[in-house]
Amino acid sequence: MSETSPKFASVVLDVDSTLAGVEGIDWLAAQRGPDFAKRIAELTDMAMRGEIALDEIYGKRLSMIRPTHREIEALSKRYVDAMAIGAKETVARLRDAGVAIAIVSGGIREAIVPLALSLGVSGSALRAVSVYFEAHGEYTGFERDSPLATQRGKADVVRALALRAPVLAVGDGATDLAIRPVVDAFAAYTGFVRREPVVEKADFVVESFPHLEQIILA
């Protein structure tokens, strides 16, 4: 328990390239071969840099990949294996200090749930996009009405969570930066990738989860 009060009562965490060194959709694309993976990764990076809207490519990428249920299960294991160094310990100490933790991601919910649970974050504090499969595990679609499949939808989702203020949002991409108008501060996470358009508009720049912990609890 921290001897001083945390600087933030609630923290909202991104997943891909923040909590874990994985871009889930890119990992799935890699299962289709290097050329396919390169094409999808370029689209992802453009959206995360804010050069194109996520709305334009979210469904397109999934339709191109058509991930199976088995591949989503494999991705869930990859998320846990690629968890950021110190993330589990930092989240535990923040929770012990009374900080509420929420995970808000544009990634696939079914792949992220095991990571969230390993961090002690319940399903009720996780927001992500569900995908759907037919009886044999073949892809049939995704949660098309989810705000998280859009460029600025994270702000609406975080607002609806009604978290205790002050709230700090943490992420690496333009879709995370979109949360800034509805929270008290935004931290650009650069432990896996540094995107200058995001860093330039952040209130904090953090290189690791121990660094994040220092900002909140020091």
# chains A, B, ... in the order shown; residues from 1 in each chain; ligands from 1

$ residues_around --residues "His69 in chain A" --least-positions-apart "5" --cutoff "12 Å" --atoms "only C-alpha atoms" --output "ChimeraX atom specification"
/A:28,74-76,108,110-111,130-141

$ residues_around --residues "Asp26 in chain A" --least-positions-apart "2" --cutoff "10 Å" --atoms "only C-alpha atoms" --output "PyMOL selection string"
chain A and resi 22-24+28-31+36-45+61+65

$ select_by_dssp --residues "range 2-215 of chain A" --states "strand (DSSP E or B)" --output "count of residues only"
40

$ closest_residue --among "A:Gly33, A:Gly153, A:Phe192, A:Leu13" --to "Ala116 in chain A" --atoms "only C-alpha atoms"
A:Leu13

$ atom_distance --atom1 "CA of Val182 in chain A" --atom2 "CA of Ala125 in chain A"
17.3 Å

$ closest_residue --among "A:Ala92, A:Val113, A:Ala218, A:Leu212" --to "Glu73 in chain A" --atoms "only C-alpha atoms"
A:Val113

$ select_by_dssp --residues "range 41-91 of chain A" --states "helix (DSSP H, G or I)" --output "ChimeraX atom specification"
/A:41-48,54-65,69-81,87-91

$ closest_residue --among "A:Leu54, A:Leu161, A:Ala149, A:Ile216" --to "Ser105 in chain A" --atoms "only C-alpha atoms"
A:Ala149

$ atom_distance --atom1 "CA of Leu117 in chain A" --atom2 "CA of Arg152 in chain A"
26.1 Å

$ closest_residue --among "A:Ser5, A:Tyr79, A:Val12, A:Ala162" --to "Trp27 in chain A" --atoms "only C-alpha atoms"
A:Tyr79

$ atom_distance --atom1 "CA of Val167 in chain A" --atom2 "CA of Ile215 in chain A"
12.9 Å

$ closest_residue --among "A:Ser122, A:Gly171, A:Val199, A:Ala185" --to "Phe8 in chain A" --atoms "only C-alpha atoms"
A:Ala185

$ decode --residues "range 104-151 of chain A" --atoms "C-alpha atoms" --output "compact mmCIF listing (two decimals), in the first residue's frame"
# COMPACT_ATOMS: atom_id res chain seq x y z
CA VAL A 104 -10.48 -0.84 -23.02
CA SER A 105 -9.31 -2.28 -26.32
CA GLY A 106 -10.25 -2.33 -29.96
CA GLY A 107 -8.93 -5.90 -29.99
CA ILE A 108 -10.88 -9.14 -29.91
CA ARG A 109 -12.54 -9.69 -26.55
CA GLU A 110 -12.38 -13.47 -26.65
CA ALA A 111 -8.61 -13.33 -27.10
CA ILE A 112 -8.09 -10.71 -24.38
CA VAL A 113 -10.16 -12.22 -21.54
CA PRO A 114 -7.38 -14.59 -20.32
CA LEU A 115 -4.91 -11.68 -20.17
CA ALA A 116 -7.37 -9.56 -18.21
CA LEU A 117 -8.08 -12.38 -15.76
CA SER A 118 -4.36 -13.00 -15.26
CA LEU A 119 -4.10 -9.34 -14.21
CA GLY A 120 -6.99 -9.68 -11.80
CA VAL A 121 -9.31 -7.58 -13.99
CA SER A 122 -12.81 -8.99 -14.20
CA GLY A 123 -14.87 -9.21 -17.35
CA SER A 124 -17.07 -6.37 -16.12
CA ALA A 125 -14.05 -4.02 -16.29
CA LEU A 126 -13.04 -5.17 -19.78
CA ARG A 127 -14.34 -3.65 -22.98
CA ALA A 128 -13.33 -5.07 -26.38
CA VAL A 129 -14.90 -6.25 -29.64
CA SER A 130 -16.49 -9.70 -29.85
CA VAL A 131 -16.16 -11.94 -32.90
CA TYR A 132 -18.60 -14.65 -33.92
CA PHE A 133 -18.15 -18.19 -35.21
CA GLU A 134 -20.33 -20.92 -36.63
CA ALA A 135 -20.58 -24.35 -35.01
CA HIS A 136 -17.31 -25.63 -36.49
CA GLY A 137 -15.34 -22.56 -35.41
CA GLU A 138 -15.30 -20.70 -38.73
CA TYR A 139 -15.49 -16.91 -38.63
CA THR A 140 -18.89 -15.36 -39.36
CA GLY A 141 -18.51 -11.73 -38.28
CA PHE A 142 -17.83 -9.26 -35.49
CA GLU A 143 -19.66 -6.87 -33.19
CA ARG A 144 -20.35 -4.25 -35.85
CA ASP A 145 -22.14 -1.84 -33.53
CA SER A 146 -19.22 -1.62 -31.09
CA PRO A 147 -17.81 1.90 -30.72
CA LEU A 148 -14.41 0.25 -30.29
CA ALA A 149 -14.36 -0.64 -33.96
CA THR A 150 -14.21 3.10 -34.75
CA GLN A 151 -11.43 5.68 -34.56
